[in-house]
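Asks: What follows is input_14.tsv; its format and atoms are TSV, C-alpha atoms.
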chain	number	residue	atom	x	y	z
A	1	MET	CA	53.68	102.03	101.68
A	2	PHE	CA	53.44	99.45	104.46
A	3	ILE	CA	56.73	97.54	104.72
A	4	ASP	CA	57.04	95.13	107.67
A	5	GLU	CA	60.24	93.27	106.71
A	6	ALA	CA	63.70	94.54	105.80
A	7	LYS	CA	67.29	93.36	105.70
A	8	ILE	CA	70.10	95.80	106.46
A	9	ARG	CA	73.89	95.75	106.72
A	10	VAL	CA	75.51	97.81	109.47
A	11	LYS	CA	79.20	98.57	109.94
A	12	ALA	CA	80.56	100.27	113.04
A	13	GLY	CA	83.52	102.60	112.67
A	14	ASP	CA	87.09	101.29	112.83
A	15	GLY	CA	89.35	102.53	115.59
A	16	GLY	CA	92.06	105.05	114.71
A	17	ASN	CA	95.72	103.97	114.63
A	18	GLY	CA	98.13	104.89	117.39
A	19	CYS	CA	100.82	107.46	116.54
A	20	VAL	CA	104.60	107.15	116.65
A	21	ALA	CA	106.06	110.54	117.61
A	22	PHE	CA	108.78	112.02	119.81
A	23	ARG	CA	108.84	115.31	121.63
A	24	ARG	CA	111.19	117.68	119.87
A	25	GLU	CA	111.58	121.08	121.52
A	26	LYS	CA	114.59	123.37	121.72
A	27	PHE	CA	114.95	123.42	125.47
A	28	VAL	CA	113.66	119.89	126.20
A	29	PRO	CA	116.45	117.40	125.51
A	30	ARG	CA	115.40	113.74	125.34
A	31	GLY	CA	111.76	114.70	125.25
A	32	GLY	CA	110.74	111.10	124.85
A	33	PRO	CA	107.84	109.44	123.03
A	34	SER	CA	104.69	111.53	122.57
A	35	GLY	CA	102.52	109.51	120.16
A	36	GLY	CA	98.80	109.64	121.11
A	37	ASP	CA	96.22	106.89	120.96
A	38	GLY	CA	93.77	106.48	118.11
A	39	GLY	CA	90.12	107.43	118.63
A	40	LYS	CA	87.35	104.88	119.10
A	41	GLY	CA	85.16	104.11	116.08
A	42	GLY	CA	81.52	105.17	116.11
A	43	ASP	CA	78.78	102.76	117.21
A	44	VAL	CA	75.62	101.90	115.31
A	45	LEU	CA	72.62	102.33	117.61
A	46	MET	CA	68.96	101.48	117.14
A	47	GLU	CA	66.04	103.16	118.91
A	48	SER	CA	62.29	102.54	118.89
A	49	SER	CA	60.14	105.49	117.91
A	50	GLU	CA	56.39	106.10	117.91
A	51	ARG	CA	56.82	108.47	114.97
A	52	HIS	CA	57.58	105.55	112.63
A	53	ASN	CA	55.05	102.88	111.71
A	54	THR	CA	56.73	100.95	108.87
A	55	LEU	CA	60.22	99.83	107.83
A	56	VAL	CA	60.02	101.49	104.42
A	57	HIS	CA	63.03	103.74	105.09
A	58	PHE	CA	65.22	100.62	105.40
A	59	ARG	CA	63.93	99.01	102.19
A	60	PHE	CA	65.51	101.66	99.96
A	61	ASN	CA	68.57	102.44	102.09
A	62	PRO	CA	69.84	99.10	103.43
A	63	GLU	CA	73.47	99.96	104.36
A	64	TYR	CA	74.66	102.07	107.30
A	65	LYS	CA	78.23	102.83	108.32
A	66	ALA	CA	79.46	104.74	111.35
A	67	GLN	CA	82.46	107.07	111.21
A	68	ARG	CA	85.92	105.72	111.95
A	69	GLY	CA	88.05	107.17	114.75
A	70	ARG	CA	90.83	109.57	113.84
A	71	HIS	CA	94.43	108.53	114.18
A	72	GLY	CA	96.46	109.62	117.18
A	73	GLU	CA	98.79	112.63	116.86
A	74	GLY	CA	101.98	113.92	118.40
A	75	SER	CA	102.12	115.77	121.73
A	76	ASN	CA	100.09	112.90	123.24
A	77	LYS	CA	96.95	113.93	121.37
A	78	THR	CA	94.29	111.25	121.26
A	79	GLY	CA	92.37	110.98	117.99
A	80	LYS	CA	88.76	112.13	117.86
A	81	GLU	CA	86.10	109.45	118.33
A	82	GLY	CA	83.97	108.57	115.31
A	83	GLU	CA	80.37	109.78	115.24
A	84	ASN	CA	77.64	107.27	116.02
A	85	VAL	CA	74.81	106.35	113.66
A	86	LEU	CA	71.30	106.21	115.15
A	87	LEU	CA	68.62	104.15	113.36
A	88	LYS	CA	64.94	104.69	114.29
A	89	VAL	CA	62.54	101.73	114.08
A	90	PRO	CA	58.81	101.42	114.85
A	91	VAL	CA	57.70	100.08	118.21
A	92	GLY	CA	57.09	96.36	117.73
A	93	THR	CA	60.20	95.72	115.64
A	94	ILE	CA	62.16	92.54	116.28
A	95	VAL	CA	65.81	92.48	115.22
A	96	TYR	CA	67.42	89.18	114.17
A	97	ASP	CA	70.99	88.36	113.23
A	98	ASP	CA	70.61	87.21	109.63
A	99	GLU	CA	73.53	84.75	109.75
A	100	SER	CA	72.77	82.96	113.01
A	101	GLY	CA	69.03	83.60	113.20
A	102	GLU	CA	69.45	84.74	116.82
A	103	LYS	CA	67.07	87.36	118.17
A	104	VAL	CA	69.08	90.49	118.94
A	105	PHE	CA	66.36	92.64	120.51
A	106	ASP	CA	62.60	93.10	120.67
A	107	PHE	CA	61.51	96.74	120.70
A	108	SER	CA	58.24	96.45	122.63
A	109	ALA	CA	58.16	99.98	124.11
A	110	PRO	CA	58.97	103.47	122.81
A	111	ASP	CA	62.41	105.08	123.28
A	112	GLU	CA	64.28	101.82	123.86
A	113	ARG	CA	67.87	102.09	122.62
A	114	ILE	CA	70.59	99.49	122.08
A	115	VAL	CA	74.01	99.30	120.42
A	116	ILE	CA	73.72	96.80	117.57
A	117	ALA	CA	77.30	97.21	116.26
A	118	HIS	CA	80.21	98.32	118.46
A	119	GLY	CA	82.92	100.60	117.16
A	120	GLY	CA	86.51	99.41	117.15
A	121	ARG	CA	88.92	100.40	119.93
A	122	GLY	CA	91.61	102.90	119.03
A	123	GLY	CA	95.20	101.66	118.85
A	124	ARG	CA	97.82	102.74	121.40
A	125	GLY	CA	100.46	105.28	120.50
A	126	ASN	CA	104.15	104.76	121.24
A	127	ALA	CA	103.90	106.83	124.45
A	128	GLN	CA	101.98	103.91	125.95
A	129	PHE	CA	104.90	101.54	125.39
A	130	ALA	CA	107.53	103.61	127.25
A	131	THR	CA	109.12	101.94	130.29
A	132	SER	CA	112.13	102.64	132.50
A	133	VAL	CA	114.30	100.41	130.32
A	134	HIS	CA	112.62	101.09	126.98
A	135	ARG	CA	112.58	104.84	126.76
A	136	ALA	CA	112.32	105.37	123.03
A	137	PRO	CA	109.73	102.86	121.80
A	138	ARG	CA	108.73	102.87	118.18
A	139	GLU	CA	105.91	100.42	118.61
A	140	HIS	CA	102.29	101.38	118.08
A	141	GLU	CA	98.98	99.62	117.56
A	142	ASP	CA	96.57	99.78	114.67
A	143	GLY	CA	92.93	100.44	115.49
A	144	ARG	CA	90.59	97.50	115.86
A	145	PRO	CA	87.98	97.02	113.11
A	146	GLY	CA	84.39	97.94	113.91
A	147	GLU	CA	81.72	95.27	114.17
A	148	GLU	CA	79.89	94.42	110.94
A	149	ARG	CA	76.54	92.62	110.88
A	150	VAL	CA	73.66	91.76	108.57
A	151	LEU	CA	70.35	92.17	110.38
A	152	ARG	CA	66.81	91.14	109.55
A	153	LEU	CA	64.06	93.44	110.82
A	154	GLU	CA	60.53	92.18	111.33
A	155	LEU	CA	57.67	94.42	112.42
A	156	LYS	CA	54.77	93.02	114.44
A	157	LEU	CA	52.07	95.58	115.11
A	158	LEU	CA	51.24	96.37	118.72
A	159	ALA	CA	47.47	96.40	119.09
A	160	ASP	CA	45.04	95.31	121.79
A	161	VAL	CA	42.39	93.87	119.48
A	162	ALA	CA	42.67	92.19	116.06
A	163	LEU	CA	39.70	91.95	113.71
A	164	VAL	CA	39.92	88.64	111.83
A	165	GLY	CA	37.76	86.79	109.36
A	166	TYR	CA	37.25	86.02	105.71
A	167	PRO	CA	37.77	88.80	103.14
A	168	ASN	CA	34.89	91.25	102.76
A	169	VAL	CA	33.09	90.38	106.02
A	170	GLY	CA	33.02	94.02	107.17
A	171	LYS	CA	36.23	94.45	109.19
A	172	SER	CA	37.25	97.71	107.53
A	173	THR	CA	33.73	99.13	107.85
A	174	LEU	CA	33.67	98.22	111.53
A	175	ILE	CA	37.00	99.89	112.34
A	176	SER	CA	35.85	103.00	110.47
A	177	ARG	CA	32.72	103.12	112.70
A	178	ILE	CA	34.45	102.68	116.06
A	179	SER	CA	37.61	104.75	115.43
A	180	ALA	CA	38.98	107.57	113.32
A	181	ALA	CA	40.68	105.13	110.93
A	182	ARG	CA	39.57	105.48	107.31
A	183	PRO	CA	40.63	102.33	105.44
A	184	LYS	CA	39.65	101.63	101.85
A	185	ILE	CA	36.20	100.00	101.70
A	186	ALA	CA	34.84	98.25	98.61
A	187	ASP	CA	32.57	95.32	97.69
A	188	TYR	CA	35.26	92.94	96.49
A	189	PRO	CA	37.64	90.55	98.36
A	190	PHE	CA	41.08	91.64	99.55
A	191	THR	CA	40.23	95.34	99.56
A	192	THR	CA	42.48	95.64	102.59
A	193	LEU	CA	46.07	94.95	101.56
A	194	GLN	CA	47.78	96.12	104.74
A	195	PRO	CA	46.80	96.26	108.43
A	196	ASN	CA	45.01	99.40	109.59
A	197	LEU	CA	45.20	100.67	113.15
A	198	GLY	CA	42.54	102.68	114.96
A	199	VAL	CA	42.26	104.01	118.51
A	200	VAL	CA	38.86	103.32	120.13
A	201	VAL	CA	37.64	105.35	123.10
A	202	VAL	CA	34.61	104.25	125.16
A	203	GLY	CA	32.97	105.93	128.12
A	204	LYS	CA	33.13	109.53	129.26
A	205	PRO	CA	35.93	111.39	131.10
A	206	PRO	CA	37.34	110.74	133.62
A	207	ASN	CA	36.29	107.08	133.34
A	208	GLU	CA	36.94	106.63	129.64
A	209	LYS	CA	38.86	103.62	128.35
A	210	SER	CA	40.89	103.41	125.17
A	211	PHE	CA	42.46	100.59	123.20
A	212	VAL	CA	44.01	100.00	119.78
A	213	VAL	CA	42.27	97.89	117.14
A	214	ALA	CA	44.01	96.35	114.11
A	215	ASP	CA	42.09	95.52	110.94
A	216	ILE	CA	43.92	92.45	109.62
A	217	PRO	CA	43.62	91.70	105.88
A	218	GLY	CA	41.22	88.85	105.15
A	219	LEU	CA	42.27	85.24	105.67
A	220	ILE	CA	41.30	82.29	103.52
A	221	GLU	CA	41.82	78.54	103.72
A	222	GLY	CA	45.52	77.72	103.38
A	223	ALA	CA	46.66	81.14	104.64
A	224	HIS	CA	49.27	79.55	106.96
A	225	ARG	CA	50.88	78.04	103.83
A	226	GLY	CA	50.85	81.35	101.95
A	227	ALA	CA	47.46	81.27	100.24
A	228	GLY	CA	45.87	84.67	99.65
A	229	LEU	CA	47.88	87.17	101.64
A	230	GLY	CA	49.23	84.18	103.55
A	231	THR	CA	51.51	84.50	106.55
A	232	GLN	CA	52.44	88.02	105.51
A	233	PHE	CA	50.03	89.49	108.08
A	234	LEU	CA	49.23	86.57	110.42
A	235	ARG	CA	52.21	87.52	112.60
A	236	HIS	CA	50.60	90.88	113.35
A	237	ILE	CA	48.01	89.02	115.42
A	238	GLU	CA	50.64	87.52	117.76
A	239	ARG	CA	50.85	90.47	120.18
A	240	THR	CA	47.16	91.29	120.41
A	241	ARG	CA	45.25	90.62	123.63
A	242	LEU	CA	41.89	89.81	122.02
A	243	LEU	CA	40.52	88.52	118.72
A	244	VAL	CA	37.21	89.69	117.31
A	245	HIS	CA	36.10	87.15	114.72
A	246	LEU	CA	33.67	88.58	112.18
A	247	VAL	CA	31.40	86.13	110.35
A	248	ASP	CA	29.25	87.18	107.39
A	249	VAL	CA	25.69	85.90	107.94
A	250	SER	CA	24.28	87.43	104.75
A	251	ASP	CA	23.86	85.67	101.42
A	252	GLY	CA	26.36	88.01	99.77
A	253	SER	CA	29.40	86.00	100.85
A	254	GLY	CA	28.58	83.06	98.56
A	255	ARG	CA	29.53	80.65	101.37
A	256	PRO	CA	26.55	78.63	102.67
A	257	ASP	CA	27.80	77.58	106.12
A	258	PRO	CA	28.94	80.24	108.66
A	259	VAL	CA	30.12	77.55	111.08
A	260	LYS	CA	32.51	76.20	108.47
A	261	ASP	CA	33.81	79.75	107.96
A	262	VAL	CA	34.60	79.95	111.68
A	263	GLU	CA	36.30	76.55	111.72
A	264	VAL	CA	38.42	77.34	108.66
A	265	ILE	CA	39.73	80.60	110.16
A	266	ASN	CA	40.33	78.92	113.53
A	267	GLY	CA	42.26	76.18	111.73
A	268	GLU	CA	44.46	78.75	110.02
A	269	LEU	CA	45.19	80.51	113.32
A	270	GLU	CA	46.09	77.19	114.95
A	271	SER	CA	48.26	76.07	112.02
A	272	PHE	CA	50.28	79.28	112.12
A	273	GLY	CA	51.99	77.95	115.25
A	274	ALA	CA	52.08	80.99	117.55
A	275	ALA	CA	49.31	79.94	119.99
A	276	LEU	CA	46.88	82.30	118.26
A	277	GLU	CA	44.02	79.87	118.88
A	278	GLN	CA	44.50	80.30	122.65
A	279	LYS	CA	43.72	84.02	122.65
A	280	PRO	CA	40.36	85.25	124.01
A	281	VAL	CA	37.76	85.54	121.23
A	282	ILE	CA	34.58	87.53	120.76
A	283	MET	CA	32.35	86.46	117.88
A	284	ALA	CA	30.50	89.03	115.78
A	285	ALA	CA	27.74	88.15	113.31
A	286	SER	CA	28.30	90.75	110.62
A	287	LYS	CA	25.80	92.34	108.18
A	288	ILE	CA	22.67	91.49	110.18
A	289	ASP	CA	20.78	94.23	108.32
A	290	VAL	CA	20.70	91.79	105.37
A	291	ALA	CA	21.11	88.59	107.37
A	292	ASN	CA	20.01	85.12	106.36
A	293	LYS	CA	18.03	84.03	109.43
A	294	GLU	CA	19.05	80.39	109.08
A	295	LYS	CA	22.74	81.30	108.97
A	296	LEU	CA	22.40	83.56	112.01
A	297	ALA	CA	20.50	80.90	113.98
A	298	LYS	CA	23.12	78.25	113.13
A	299	LEU	CA	25.95	80.54	114.23
A	300	LYS	CA	24.14	81.32	117.50
A	301	ARG	CA	23.75	77.59	118.27
A	302	TYR	CA	27.44	77.00	117.52
A	303	CYS	CA	28.59	79.84	119.80
A	304	LYS	CA	26.26	78.76	122.61
A	305	LYS	CA	27.60	75.22	122.39
A	306	LEU	CA	31.21	76.43	122.76
A	307	GLY	CA	30.42	79.15	125.31
A	308	LEU	CA	31.49	82.00	123.02
A	309	GLU	CA	30.06	85.50	123.20
A	310	LEU	CA	28.22	86.47	120.03
A	311	PHE	CA	27.27	90.00	119.06
A	312	PRO	CA	25.04	90.48	116.00
A	313	ILE	CA	26.13	93.75	114.40
A	314	SER	CA	25.64	95.90	111.35
A	315	ALA	CA	28.50	98.30	110.67
A	316	VAL	CA	26.31	100.05	108.09
A	317	THR	CA	23.30	100.82	110.32
A	318	GLY	CA	25.28	100.85	113.60
A	319	LYS	CA	23.13	98.19	115.25
A	320	GLY	CA	24.99	96.30	117.99
A	321	ILE	CA	28.19	98.34	117.55
A	322	ASP	CA	28.08	99.96	121.02
A	323	GLU	CA	27.50	96.63	122.75
A	324	LEU	CA	30.42	95.06	120.89
A	325	THR	CA	32.72	98.01	121.60
A	326	TYR	CA	32.05	97.94	125.35
A	327	ALA	CA	32.57	94.18	125.43
A	328	MET	CA	35.91	94.63	123.66
A	329	ALA	CA	36.92	97.30	126.21
A	330	GLU	CA	36.07	95.00	129.15
A	331	LYS	CA	38.01	92.06	127.71
A	332	VAL	CA	41.04	94.25	126.98
A	333	GLU	CA	40.95	95.64	130.53
A	334	GLU	CA	40.85	92.10	131.95
A	335	ALA	CA	43.76	91.04	129.75
A	336	ARG	CA	45.80	94.08	130.77
A	337	LYS	CA	45.28	93.35	134.46
A	338	ALA	CA	46.19	89.70	133.95
A	339	GLY	CA	49.31	90.75	132.06
A	340	ALA	CA	50.31	93.17	134.81
A	341	GLY	CA	49.90	90.39	137.37
A	342	ASP	CA	52.11	88.08	135.35
A	343	VAL	CA	54.82	90.74	135.16
A	344	ALA	CA	54.62	91.40	138.89
A	345	SER	CA	54.90	87.70	139.73
A	346	ASN	CA	57.90	87.32	137.42
A	347	VAL	CA	59.63	90.28	139.06
A	348	SER	CA	59.03	88.91	142.56
A	349	THR	CA	60.29	85.47	141.52
A	350	GLN	CA	63.47	86.94	140.08
A	351	ALA	CA	64.00	89.07	143.20
A	352	SER	CA	63.68	86.05	145.48
Go through the file and emit its structure as structure tokens.

Replies:
Amino acid sequence: MFIDEAKIRVKAGDGGNGCVAFRREKFVPRGGPSGGDGGKGGDVLMESSERHNTLVHFRFNPEYKAQRGRHGEGSNKTGKEGENVLLKVPVGTIVYDDESGEKVFDFSAPDERIVIAHGGRGGRGNAQFATSVHRAPREHEDGRPGEERVLRLELKLLADVALVGYPNVGKSTLISRISAARPKIADYPFTTLQPNLGVVVVGKPPNEKSFVVADIPGLIEGAHRGAGLGTQFLRHIERTRLLVHLVDVSDGSGRPDPVKDVEVINGELESFGAALEQKPVIMAASKIDVANKEKLAKLKRYCKKLGLELFPISAVTGKGIDELTYAMAEKVEEARKAGAGDVASNVSTQAS
């Protein structure tokens, strides 16, 4: 089950109370105060993990509470600290505070760890209040309460390339040809109900290149307003480096104008409001083994006019697949280098 949104409540442990005690031993007159401090409450931590790929484990278990600290004891014994709670989330998870809407953290790399709810401090025992003029204090402190928060988790897949287009244009068939992914494939719209990821490797060792491709469920007109599968999966395109736009040029789609198909999908990407329309795009004319020549010619003229690369492909026969795959690898490599340059320039700017 692919779950990419969840709301959870976390409660860090309360601190233990300080102790009021006095040293009472046979041969130690006026032993004085000996109440220990309370232990600190446990924290709630969150860590990104590559072993998780959905938020399903939070959907059915939405509340997490860390252990409270133990109370202080006599003989100046400090209470034991409460045990922490560690929550694992997939890489690509963004954590928001549900009340304020503030972004708490963006887990963009594996093994990142943060404290999302701090445990309460333990209270002081009466030994801490002893002074030269106040030798038998009976004061003590209660432990501080642990932090409690309601958090909203949102998963955005981390992929290099996103396959976009109308339903049933051949995205799932394509990803099954270029990677080991095996999504459900059928001849009806909205076969794909959740994104599928596949790792593509091109070239031969030691010069091989690899990248991750995401098969995004089909978009239709009005998707940015919730039509079809709506905005449920549009956000998964936000972090990709490259879009591969598949256009069905056969007569099986029932849509007469491939150019209008392209413009509708581009309009949905632009209306989503995350600068998706500014990403590099490669066009792919799908199903050329049964292509309508007029549709294909019209799409070629449109792409030439806008300076877009167009690759006629057939995921069934394999025609044009290698050329498209190598073009995807080159574009991803260029985007990675550009991204690395941006990071380097930001680091140097901050250092100066």

Asks: Fewer than 4 positions away in the same chain doesn't count, so skip those; otherwise give me all residues within 10 Å of A:Lys7, counting all atoms listed in the file, as a PyMOL selection string.

Replies: chain A and resi 55+58-59+61-63+95-98+150-154

Asks: Select, from A:Ile178, A:Leu157, A:Val200, A:Cys19, the residue with the minimum atom-to-atom distance to A:Gly122, counting only C-alpha atoms.

Replies: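 Of A:Ile178, A:Leu157, A:Val200, A:Cys19, the one nearest A:Gly122 is A:Cys19, counting only C-alpha atoms.
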
Asks: Using all atoms listed in the file for the distances, tell me which of A:Gly42, A:Gly79, A:Gly92, A:Gly318 is nearest to A:Arg239.

Replies: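 Of all the options, A:Gly92 lies closest to A:Arg239.
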
Asks: Let me make sure I understand: among A:Ser271, A:Asn17, A:Ser210, A:Ser34, which one has the smallest atom-to-atom distance to A:Val332 if we use only C-alpha atoms?

Replies: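 Of the candidates, the smallest distance to A:Val332 is held by A:Ser210.
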
Asks: Rounded to one decimal in Å, what is the spacing between atom CA of A:Gly267 and atom CA of A:Val316?

Replies: 28.9 Å

Asks: Counting all atoms listed in the file, figure out which residue out of A:Leu246, A:Val56, A:Ile114, A:Val85 gets nearest to A:Thr173.

Replies: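 Selected residue with least distance to A:Thr173: A:Leu246.
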
Asks: Between atom CA of A:Gly82 and atom CA of A:Val104, what distance in Å does the model show, to one decimal?

Replies: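 We find that atom CA of A:Gly82 and atom CA of A:Val104 lie 23.7 Å from each other.
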
Asks: Calculated over all atoms listed in the file, which of the candidates A:Ala315, A:Pro137, A:Met328, A:Gly165 has the smallest distance to A:Gly32?

Replies: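 Closest to A:Gly32, using all atoms listed in the file: A:Pro137.
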
Asks: When distances are computed from all atoms listed in the file, which of A:Asp142, A:Glu73, A:Asp160, A:Asp111 shows the smallest separation from A:Val213?

Replies: A:Asp160

Asks: For the atom pair atom CA of A:Arg24 and atom CA of A:Ala136, what is the interatomic distance in Å to one decimal place?

Replies: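 Between these atoms lies a distance of 12.8 Å.
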